[in-house]
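Shown below: input-v6.txt, with compact mmCIF, C-alpha atoms.
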```
# COMPACT_ATOMS: atom_id res chain seq x y z
CA MET A 25 -11.32 36.43 -19.97
CA THR A 26 -10.90 33.24 -18.05
CA LEU A 27 -13.59 31.29 -16.32
CA GLN A 28 -13.86 31.25 -12.59
CA SER A 29 -11.98 28.32 -11.14
CA ALA A 30 -14.23 25.33 -10.60
CA THR A 31 -13.09 24.97 -7.02
CA ARG A 32 -14.56 28.37 -6.13
CA THR A 33 -18.00 27.80 -7.65
CA PHE A 34 -20.87 27.09 -5.29
CA MET A 35 -22.10 23.92 -6.94
CA PHE A 36 -20.91 21.85 -9.87
CA LEU A 37 -20.81 18.38 -11.36
CA GLY A 38 -17.76 16.15 -11.15
CA GLN A 39 -16.83 12.64 -12.14
CA CYS A 40 -15.61 10.35 -9.39
CA VAL A 41 -12.12 8.94 -9.85
CA PRO A 42 -10.39 6.26 -7.72
CA CYS A 43 -9.25 7.44 -4.31
CA VAL A 44 -7.86 5.33 -1.46
CA LYS A 45 -8.68 7.78 1.33
CA GLN A 46 -11.56 6.78 3.60
CA GLY A 47 -14.63 8.99 3.82
CA VAL A 48 -13.40 11.08 0.91
CA SER A 49 -14.06 10.91 -2.81
CA LYS A 50 -11.91 12.45 -5.47
CA PHE A 51 -13.54 14.17 -8.40
CA LYS A 52 -12.44 15.20 -11.83
CA VAL A 53 -14.00 18.47 -12.92
CA LYS A 54 -13.77 19.44 -16.54
CA ARG A 55 -14.00 23.08 -17.58
CA LEU A 56 -13.64 24.73 -20.94
CA GLU A 57 -11.21 27.60 -20.89
CA LEU A 58 -10.98 30.25 -23.57
CA ASP A 59 -7.63 30.74 -25.21
CA GLU A 60 -7.59 34.46 -25.96
CA ASN A 61 -5.09 34.19 -28.77
CA LEU A 62 -6.84 31.45 -30.66
CA LEU A 63 -10.37 32.40 -29.50
CA LYS A 64 -11.08 28.78 -28.91
CA TYR A 65 -12.10 26.81 -25.87
CA PHE A 66 -9.84 24.09 -24.51
CA PRO A 67 -10.77 21.59 -21.81
CA LYS A 68 -9.06 21.99 -18.46
CA GLN A 69 -9.23 19.44 -15.70
CA GLU A 70 -9.21 20.12 -12.01
CA PHE A 71 -9.27 17.63 -9.18
CA VAL A 72 -11.40 18.20 -6.10
CA TYR A 73 -11.68 16.21 -2.89
CA ALA A 74 -15.17 16.00 -1.43
CA HIS A 75 -16.37 14.84 1.95
CA ASP A 76 -18.33 11.62 1.47
CA PRO A 77 -18.54 9.67 4.76
CA GLU A 78 -21.01 7.06 3.46
CA LYS A 79 -19.12 6.57 0.20
CA LEU A 80 -22.12 7.35 -1.97
CA CYS A 81 -19.94 7.71 -5.01
CA LYS A 82 -18.18 4.94 -6.86
CA THR A 83 -15.64 5.33 -9.60
CA GLY A 84 -17.19 6.83 -12.71
CA ASP A 85 -20.33 8.24 -11.08
CA ILE A 86 -21.20 11.83 -11.82
CA ALA A 87 -22.16 13.69 -8.68
CA LEU A 88 -23.27 17.15 -7.61
CA LEU A 89 -20.71 18.77 -5.32
CA GLU A 90 -21.31 21.61 -2.94
CA LEU A 91 -18.79 24.05 -1.53
CA LEU A 92 -18.32 23.73 2.22
CA PRO A 93 -18.51 26.96 4.26
CA GLU A 94 -14.98 26.25 5.41
CA LYS A 95 -12.42 23.66 4.47
CA LEU A 96 -12.53 20.42 6.46
CA THR A 97 -8.86 19.73 5.92
CA ARG A 98 -6.18 21.13 3.68
CA LEU A 99 -7.60 19.15 0.76
CA ILE A 100 -11.30 18.61 1.46
CA SER A 101 -13.19 21.68 0.38
CA HIS A 102 -16.48 20.23 -0.88
CA LYS A 103 -19.12 17.72 0.00
CA VAL A 104 -21.13 15.32 -2.12
CA LYS A 105 -24.72 16.43 -2.35
CA LYS A 106 -26.21 13.85 -4.64
CA VAL A 107 -25.19 11.22 -7.16
CA ILE A 108 -26.76 12.41 -10.38
CA TYR A 109 -25.67 9.82 -12.92
CA PRO A 110 -24.52 6.48 -11.51
CA MET A 111 -22.16 4.81 -13.94
CA GLY A 112 -23.67 2.11 -16.13
CA ASP A 113 -27.18 2.60 -14.76
CA ILE A 114 -28.67 5.37 -16.83
CA THR A 115 -32.30 6.47 -16.51
CA ASP A 116 -34.00 8.30 -19.33
CA PRO A 117 -35.10 11.65 -17.88
CA ILE A 118 -38.21 11.91 -20.07
CA THR A 119 -39.80 8.49 -19.60
CA GLY A 120 -38.05 7.51 -16.38
CA LYS A 121 -37.10 4.13 -17.81
CA LYS A 122 -33.69 2.52 -17.67
CA VAL A 123 -31.66 2.78 -20.84
CA ILE A 124 -28.75 0.95 -22.40
CA VAL A 125 -27.06 2.96 -25.13
CA GLY A 126 -29.94 3.57 -27.59
CA GLN A 127 -32.52 1.11 -26.28
CA TYR A 128 -34.79 0.75 -23.29
CA ARG A 129 -34.10 -2.19 -21.04
CA ASP A 130 -37.73 -3.35 -21.27
CA HIS A 131 -37.54 -3.48 -25.04
CA ILE A 132 -34.44 -5.62 -24.94
CA GLU A 133 -36.04 -7.92 -22.38
CA LYS A 134 -39.16 -8.26 -24.52
CA VAL A 135 -37.13 -9.20 -27.58
CA ASN A 136 -35.34 -11.82 -25.49
CA GLU A 137 -38.67 -13.22 -24.34
CA VAL A 138 -39.87 -13.54 -27.92
CA TYR A 139 -36.80 -15.62 -28.75
CA GLY A 140 -37.20 -17.59 -25.54
CA ARG A 141 -35.17 -16.34 -22.62
CA ARG A 142 -32.61 -18.71 -21.16
CA LYS A 143 -32.88 -19.60 -17.50
CA ASP A 144 -29.23 -18.93 -16.70
CA ALA A 145 -29.17 -15.64 -18.62
CA PHE A 146 -28.54 -12.38 -16.84
CA ASP A 147 -31.55 -11.06 -14.96
CA TYR A 148 -31.82 -7.47 -13.71
CA GLN A 149 -34.25 -8.41 -10.93
CA LYS A 150 -31.86 -10.93 -9.42
CA ALA A 151 -28.68 -8.99 -10.10
CA PRO A 152 -26.97 -7.64 -6.98
CA GLN A 153 -26.06 -3.98 -6.63
CA ARG A 154 -22.90 -2.71 -8.23
CA GLY A 155 -19.77 -3.49 -6.26
CA TRP A 156 -20.14 -7.21 -5.53
CA GLN A 157 -17.13 -8.00 -7.71
CA GLU A 158 -15.06 -5.16 -6.28
CA ASP A 159 -11.61 -6.36 -5.25
CA LYS A 160 -12.42 -9.78 -6.69
CA LYS A 161 -12.63 -9.41 -10.46
CA ASP A 162 -13.29 -5.71 -10.90
CA PHE A 163 -10.41 -3.43 -9.91
CA THR A 164 -11.71 -0.12 -11.20
CA HIS A 165 -11.92 1.31 -7.68
CA LEU A 166 -8.12 1.31 -7.44
CA GLU A 167 -5.66 3.73 -8.90
CA ILE A 168 -3.78 1.50 -11.29
CA TYR A 169 -0.06 2.15 -11.80
CA ILE A 170 2.72 0.58 -13.78
CA LYS A 171 4.72 -1.82 -11.65
CA TYR A 172 8.13 -0.32 -11.01
CA HIS A 173 9.52 -2.48 -8.21
CA GLU A 174 9.48 -6.18 -7.39
CA SER A 175 8.69 -6.08 -3.69
CA GLY A 176 7.57 -9.70 -3.41
CA LYS A 177 4.07 -8.66 -2.45
CA ASP A 178 1.19 -9.02 -4.85
CA ASP A 179 -0.40 -5.63 -5.36
CA PRO A 180 -3.66 -5.69 -7.35
CA ALA A 181 -3.22 -2.04 -8.33
CA ALA A 182 0.05 -2.77 -10.15
CA VAL A 183 -0.03 -3.59 -13.83
CA MET B 22 28.67 38.34 -14.62
CA ASN B 23 32.02 38.21 -12.86
CA ASN B 24 30.28 38.57 -9.55
CA VAL B 25 28.12 35.64 -10.31
CA ARG B 26 31.08 33.57 -11.25
CA THR B 27 32.88 34.37 -8.02
CA LEU B 28 29.75 33.46 -6.13
CA LEU B 29 29.56 30.15 -7.88
CA THR B 30 33.14 29.12 -7.23
CA PRO B 31 32.79 26.31 -4.76
CA TYR B 32 36.03 26.96 -2.87
CA HIS B 33 35.85 29.91 -0.58
CA THR B 34 32.29 30.99 0.24
CA PRO B 35 29.87 29.30 2.62
CA LEU B 36 27.53 29.29 -0.36
CA ALA B 37 29.40 26.20 -1.48
CA ASN B 38 27.39 24.31 1.12
CA PHE B 39 24.21 25.05 -0.76
CA LEU B 40 25.50 24.49 -4.24
CA TYR B 41 25.68 20.85 -5.05
CA ARG B 42 25.68 18.82 -8.19
CA SER B 43 22.13 18.00 -9.14
CA TYR B 44 23.24 15.33 -11.59
CA ALA B 45 24.76 11.96 -10.82
CA PHE B 46 23.50 12.23 -7.27
CA LYS B 47 23.67 9.04 -5.28
CA SER B 48 21.59 8.57 -2.19
CA ASP B 49 23.22 6.84 0.77
CA LEU B 50 19.91 5.30 1.82
CA LYS B 51 20.14 1.55 1.45
CA ILE B 52 17.13 1.03 -0.77
CA LYS B 53 17.33 -1.94 -3.04
CA TRP B 54 15.46 -1.69 -6.29
CA VAL B 55 14.55 -4.85 -8.18
CA ARG B 56 13.45 -4.33 -11.73
CA PRO B 57 10.14 -6.13 -12.30
CA GLN B 58 10.32 -8.88 -14.83
CA LYS B 59 8.68 -8.05 -18.14
CA ILE B 60 5.55 -10.08 -18.79
CA PRO B 61 4.62 -10.39 -22.48
CA CYS B 62 1.30 -8.76 -23.36
CA TYR B 63 -0.37 -12.02 -24.41
CA LYS B 64 0.20 -13.88 -21.13
CA PRO B 65 -2.84 -14.57 -18.92
CA GLU B 66 -1.24 -12.63 -16.04
CA LYS B 67 -1.38 -9.54 -18.20
CA THR B 68 -4.73 -10.11 -19.90
CA GLY B 69 -6.55 -11.02 -16.69
CA ASP B 70 -7.74 -14.49 -17.72
CA LEU B 71 -7.98 -16.70 -14.67
CA GLU B 72 -8.35 -20.04 -16.44
CA GLY B 73 -6.96 -21.63 -19.58
CA ALA B 74 -8.50 -23.58 -22.42
CA SER B 75 -6.71 -26.82 -21.51
CA GLN B 76 -9.38 -27.96 -19.05
CA ILE B 77 -11.59 -29.34 -21.82
CA ASP B 78 -12.27 -33.10 -21.87
CA ARG B 79 -10.67 -34.53 -25.04
CA LYS B 80 -12.86 -37.64 -25.04
CA GLN B 81 -15.96 -35.72 -26.08
CA VAL B 82 -17.63 -36.17 -29.45
CA LEU B 83 -16.97 -33.56 -32.11
CA LEU B 84 -19.25 -30.54 -32.06
CA ASP B 85 -20.84 -31.28 -35.44
CA PHE B 86 -21.74 -34.85 -34.43
CA LYS B 87 -23.04 -34.12 -30.94
CA GLU B 88 -26.67 -34.62 -31.85
CA SER B 89 -26.15 -37.44 -34.33
CA LYS B 90 -28.47 -40.42 -33.64
CA GLU B 91 -26.40 -42.85 -35.67
CA LEU B 92 -23.28 -42.06 -33.67
CA SER B 93 -25.03 -42.64 -30.34
CA THR B 94 -25.89 -46.18 -31.40
CA ALA B 95 -22.57 -46.82 -33.13
CA ASP B 96 -19.67 -49.02 -32.16
CA ASP B 97 -17.23 -47.86 -29.45
CA ASN B 98 -14.35 -47.67 -31.90
CA VAL B 99 -16.38 -45.46 -34.22
CA LYS B 100 -17.28 -43.21 -31.31
CA LYS B 101 -13.63 -42.96 -30.46
CA LEU B 102 -12.77 -41.96 -34.01
CA PHE B 103 -15.29 -39.16 -33.78
CA SER B 104 -13.89 -37.84 -30.51
CA LEU B 105 -11.67 -34.77 -30.13
CA GLU B 106 -8.59 -36.90 -29.58
CA PHE B 107 -8.63 -38.08 -33.20
CA ALA B 108 -9.54 -34.73 -34.74
CA PRO B 109 -7.33 -31.73 -35.52
CA HIS B 110 -6.82 -29.30 -32.66
CA LYS B 111 -9.07 -26.66 -34.16
CA HIS B 112 -12.10 -28.85 -33.38
CA THR B 113 -11.21 -28.75 -29.69
CA ASN B 114 -10.95 -25.00 -29.82
CA ARG B 115 -14.23 -24.75 -31.68
CA LEU B 116 -15.99 -26.81 -29.03
CA TYR B 117 -14.38 -24.78 -26.26
CA VAL B 118 -15.54 -21.48 -27.75
CA HIS B 119 -19.01 -22.91 -28.35
CA GLU B 120 -19.36 -24.04 -24.74
CA PHE B 121 -18.01 -20.75 -23.52
CA VAL B 122 -20.49 -18.70 -25.53
CA ASP B 123 -23.29 -20.96 -24.30
CA LYS B 124 -22.67 -19.74 -20.76
CA VAL B 125 -23.61 -16.14 -21.46
CA LYS B 126 -26.24 -16.30 -24.20
CA ARG B 127 -29.41 -14.30 -23.67
CA HIS B 128 -31.49 -16.74 -25.73
CA GLU B 129 -30.82 -19.70 -28.01
CA TYR B 130 -30.41 -17.60 -31.15
CA ASP B 131 -28.20 -14.97 -29.56
CA VAL B 132 -25.08 -14.42 -31.66
CA ALA B 133 -24.55 -10.69 -31.62
CA SER B 134 -25.07 -9.39 -28.09
CA ILE B 135 -22.04 -7.76 -26.49
CA GLU B 136 -21.67 -10.55 -23.90
CA VAL B 137 -21.64 -13.21 -26.58
CA LYS B 138 -19.04 -11.29 -28.56
CA ILE B 139 -16.80 -10.85 -25.55
CA ALA B 140 -17.22 -14.50 -24.54
CA LYS B 141 -16.36 -15.61 -28.05
CA TRP B 142 -13.22 -13.52 -28.14
CA THR B 143 -12.29 -14.78 -24.70
CA GLY B 144 -12.59 -18.37 -25.86
CA VAL B 145 -10.42 -17.68 -28.88
CA ILE B 146 -7.89 -15.75 -26.80
CA ARG B 147 -7.51 -18.60 -24.34
CA ALA B 148 -7.11 -21.12 -27.14
CA LEU B 149 -4.51 -18.93 -28.85
CA GLN B 150 -2.67 -18.37 -25.58
CA GLU B 151 -2.15 -22.13 -25.35
CA CYS B 152 -0.95 -22.11 -28.93
CA MET B 153 1.41 -19.23 -28.18
CA GLU B 154 3.02 -21.27 -25.41
CA ARG B 155 3.87 -23.96 -27.94
CA PHE B 156 4.98 -21.64 -30.76
CA PRO B 157 6.42 -18.53 -29.13
CA ARG B 158 8.10 -17.36 -32.35
CA ASN B 159 4.92 -17.28 -34.40
CA LYS B 160 4.67 -13.55 -35.02
CA LYS B 161 1.40 -13.52 -36.95
CA LEU B 162 -0.26 -15.44 -34.17
CA LYS B 163 1.11 -13.01 -31.63
CA VAL B 164 -0.19 -9.99 -33.52
CA ASN B 165 -3.64 -11.52 -33.96
CA LEU B 166 -3.77 -12.45 -30.32
CA LYS B 167 -2.70 -9.00 -29.18
CA GLU B 168 -5.28 -7.31 -31.37
CA LEU B 169 -8.01 -9.58 -30.08
CA ILE B 170 -7.03 -8.92 -26.47
CA ASP B 171 -7.12 -5.18 -27.02
CA LYS B 172 -10.47 -5.38 -28.76
CA ARG B 173 -11.94 -7.37 -25.90
CA LYS B 174 -10.59 -4.86 -23.41
CA LYS B 175 -12.10 -1.98 -25.36
CA HIS B 176 -15.53 -3.60 -25.48
CA LEU B 177 -15.38 -4.47 -21.79
CA LYS B 178 -14.73 -0.80 -21.17
CA TYR B 179 -17.82 0.09 -23.21
CA LEU B 180 -19.95 -2.51 -21.45
CA ARG B 181 -18.89 -1.13 -18.10
CA ARG B 182 -20.04 2.31 -19.10
CA TRP B 183 -23.32 1.09 -20.56
CA ASP B 184 -24.45 -1.48 -18.06
CA TYR B 185 -22.45 -1.98 -14.90
CA LYS B 186 -24.46 -4.85 -13.44
CA ARG B 187 -24.18 -6.90 -16.60
CA PHE B 188 -20.46 -6.10 -16.77
CA GLU B 189 -19.87 -7.53 -13.29
CA TRP B 190 -22.00 -10.57 -14.04
CA LEU B 191 -20.02 -11.19 -17.23
CA LEU B 192 -16.67 -10.90 -15.44
CA GLU B 193 -17.84 -13.52 -12.96
CA ARG B 194 -19.15 -15.76 -15.73
CA ILE B 195 -16.10 -15.72 -17.97
CA ASN B 196 -13.77 -15.75 -14.96
CA MET B 197 -11.51 -12.86 -15.75
CA VAL B 198 -10.15 -9.81 -13.99
CA TYR B 199 -10.68 -6.31 -15.31
CA LYS B 200 -8.21 -3.56 -14.55
CA PRO B 201 -8.50 -0.13 -16.13
CA PRO B 202 -5.44 1.25 -17.91
CA PRO B 203 -3.07 3.32 -15.76
CA ASN B 204 -3.41 7.09 -15.89
CA GLU B 205 -0.05 7.66 -17.50
CA PHE B 206 2.30 5.42 -19.41
CA HIS B 207 6.01 5.56 -18.81
CA TRP B 208 9.07 3.39 -19.06
CA VAL B 209 10.29 1.85 -15.85
CA THR B 210 13.63 3.45 -15.08
CA ARG B 211 16.01 3.05 -12.20
CA ARG B 212 16.03 6.73 -11.37
CA GLU B 213 12.26 7.20 -11.28
CA SER B 214 11.71 3.99 -9.36
CA LEU B 215 14.29 4.93 -6.78
CA LYS B 216 12.66 8.31 -6.41
CA LYS B 217 9.32 6.67 -5.66
CA LEU B 218 10.88 4.18 -3.27
CA THR B 219 12.70 6.98 -1.45
CA ASP B 220 9.43 8.89 -1.12
CA GLN B 221 7.80 5.82 0.37
CA HIS B 222 10.72 5.37 2.73
CA CYS B 223 10.45 8.99 3.90
CA GLU B 224 6.70 8.69 4.35
CA LYS B 225 7.21 5.59 6.47
CA ILE B 226 9.74 7.36 8.69
CA ARG B 227 7.41 10.31 9.08
CA GLU B 228 4.53 8.08 10.11
CA GLU B 229 6.68 6.21 12.60
CA ARG B 230 7.84 9.43 14.22
CA ILE B 231 4.33 10.84 14.37
CA ASN B 232 3.14 7.64 16.06
CA GLN B 233 6.00 7.80 18.51
CA TYR B 234 5.18 11.39 19.36
CA ARG B 235 1.50 10.54 19.75
CA GLN B 236 2.36 7.73 22.17
CA GLN B 237 4.59 10.02 24.14
CA LEU B 238 1.86 12.65 24.42
CA GLU B 239 -0.72 10.06 25.40
CA HIS B 240 1.64 8.83 28.07
CA GLU B 241 1.93 12.33 29.47
CA GLN B 242 -1.79 13.05 29.27
CA PRO B 243 -2.92 12.01 32.82
CA ALA B 244 -0.12 13.94 34.48
CA PHE B 245 -0.95 16.96 32.34
CA LEU B 246 -4.65 16.80 33.23
CA GLU B 247 -3.89 16.55 36.96
CA GLU B 248 -1.62 19.57 36.68
CA LYS B 249 -4.32 21.42 34.75
CA ILE B 250 -6.97 20.70 37.39
CA ARG B 251 -4.67 21.84 40.14
CA THR B 252 -3.77 25.05 38.34
CA LEU B 253 -7.36 25.88 37.41
CA GLN B 254 -8.47 25.27 40.98
CA PHE B 255 -5.69 27.49 42.26
CA ILE B 256 -6.60 30.33 39.87
CA ARG B 257 -10.27 30.07 40.79
CA ASN B 258 -9.52 30.16 44.52
CA GLU B 259 -7.18 33.10 44.15
CA GLN B 260 -9.68 35.05 42.07
CA LYS B 261 -12.40 34.41 44.67
CA GLU B 262 -10.21 35.43 47.57
CA CYS B 263 -9.00 38.58 45.90
CA GLY B 264 -12.53 39.55 44.91
CA ALA B 265 -11.58 39.74 41.21
CA GLU B 266 -13.79 38.62 38.35
CA VAL B 267 -13.93 34.80 38.35
CA THR B 268 -12.96 33.64 34.87
CA VAL B 269 -12.56 29.92 35.60
CA ALA B 270 -15.91 28.18 35.87
CA GLN B 271 -16.41 25.16 38.13
CA GLU B 272 -17.78 23.25 35.11
CA GLU B 273 -14.46 23.59 33.36
CA ILE B 274 -12.65 21.98 36.28
CA ASP B 275 -15.28 19.23 36.56
CA GLY B 276 -14.98 18.58 32.82
CA CYS B 277 -11.24 18.10 33.23
CA ARG B 278 -11.80 15.70 36.15
CA LYS B 279 -14.25 13.67 34.12
CA LEU B 280 -11.82 13.49 31.23
CA LEU B 281 -9.13 12.24 33.58
CA GLU B 282 -11.38 9.56 35.05
CA ASP B 283 -12.48 8.39 31.62
CA LEU B 284 -8.89 8.24 30.50
CA LYS B 285 -7.85 6.16 33.52
CA LEU B 286 -10.77 3.76 33.01
CA LYS B 287 -9.86 3.37 29.36
CA ARG B 288 -6.22 2.66 30.17
CA GLU B 289 -7.25 0.02 32.72
CA ASP B 290 -9.52 -1.63 30.18
CA VAL B 291 -6.70 -1.81 27.67
CA LYS B 292 -4.38 -3.29 30.32
CA MET B 293 -6.97 -5.92 31.30
CA LYS B 294 -7.26 -6.99 27.68
```

Give the structure from the file, written as structure tokens.
Amino acid sequence: MTLQSATRTFMFLGQCVPCVKQGVSKFKVKRLELDENLLKYFPKQEFVYAHDPEKLCKTGDIALLELLPEKLTRLISHKVKKVIYPMGDITDPITGKKVIVGQYRDHIEKVNEVYGRRKDAFDYQKAPQRGWQEDKKDFTHLEIYIKYHESGKDDPAAV
Amino acid sequence: MNNVRTLLTPYHTPLANFLYRSYAFKSDLKIKWVRPQKIPCYKPEKTGDLEGASQIDRKQVLLDFKESKELSTADDNVKKLFSLEFAPHKHTNRLYVHEFVDKVKRHEYDVASIEVKIAKWTGVIRALQECMERFPRNKKLKVNLKELIDKRKKHLKYLRRWDYKRFEWLLERINMVYKPPPNEFHWVTRRESLKKLTDQHCEKIREERINQYRQQLEHEQPAFLEEKIRTLQFIRNEQKECGAEVTVAQEEIDGCRKLLEDLKLKREDVKMK
């Protein structure tokens, strides 16, 4: 028995991966598939393109995707309904507080205050939204490839 | 089997046109491939560091004597002896790392937060990169440097996942570029590279031709619309005169006229500009 293909399910979660197309986000959908001979599940990845005109999703975000009644183009078959887990900005579902790994942000801040917070230290209230270093110092929104040709142009996506 | 063999003989059948050697194929497209120069893994271009450690002022007092009261009142020659110029190079590096870590500390006693760790490694990496330039054959140094660079990259990856805002702030503070690893690793070969370049070349040609065709169609558009209006009008008149069911609505013809007018206005605007 194999699972139904992710692309035919009504709604599912997917992780956003870099995509250069405008108004479209690419998603990686992981499914576990049963190997009948070994009776063991193995992860399978599928890639889905979803309509996202406002670019709600950034690389790494986990979003809820919905199947469109009919395909927009040959590739775009879904649309982004909601960003569920923005990357690096996790909220604890029980208390509704922001979390970093195993600690609440408030707790960390309080500890810092006890030691005497520095003025030039990082401050969440003043920090701009994610994406202000995009294309400057942070190149995670690009699909990075190994440089294979010296064209004379400087391509930030080439490594 | 014999039949197959006769089919495959390239001499007499028209099939020979389809059967070609798949190996040692040379394209007659004039695409020039230049192999990119290999950059060693420890170089700043590869690690993403945008500044080096050499910008430090060598006339500063040693780190351990910075707050010494006796030294501040001492003779100029003594001060000079306690400056970085007259001390081993490691003191310069130590001061550099110290200043670097100072930029990102959460509080005065912060020694173990992830930013401080990354900043510390960055300071050491930049100092070692300078060292590597002077002693390129020092293998132990190279290994240590490489390991440190990889460790820093790994922890930056973690920080990005944990706390994106802090990650971006840190990148700005320590002045370095972060690029994720490519999806797949492969050697750069002539064959593969040429394949990719040929694909790009074909894509470019395709786009050019599509644009050309689009321009041609746009050029023909007004004439086509006029013809359409005329034809629709003719059909409508005929249907009316013959007493048949009128299938062409007046709105359809008016819509076409409006389209034509809009198009002409747009063209004039473009010309004026």

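Near (-17.7, 27.4, -4.4), the residues inside the 6 Å limit, counting all atoms listed in the file, come to A:Thr31, A:Arg32, A:Thr33, A:Phe34, A:Leu91.
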
**Item:** Interface, chain B side, toward chain A (6 Å; only C-alpha atoms) as a VMD selection string
**Value:** chain B and resid 55 to 57 127 to 128 182 to 186 198 to 201 203 209 214

**Item:** Contact residues around A:Lys45 with all atoms listed in the file at 12 Å, ignoring same-chain residues under 3 positions, as a PyMOL selection string
**Value:** chain A and resi 41-42+48-50+73-77+79+99-100+165-167

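Among B:Ser43, B:Glu168, B:Ala133, B:Leu102, the residue with the shortest atom-to-atom distance to B:Tyr63, counting only C-alpha atoms, is B:Glu168.
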
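Pairwise distance (atom CA of A:Phe51, atom CA of A:Leu92) equals 15.1 Å.
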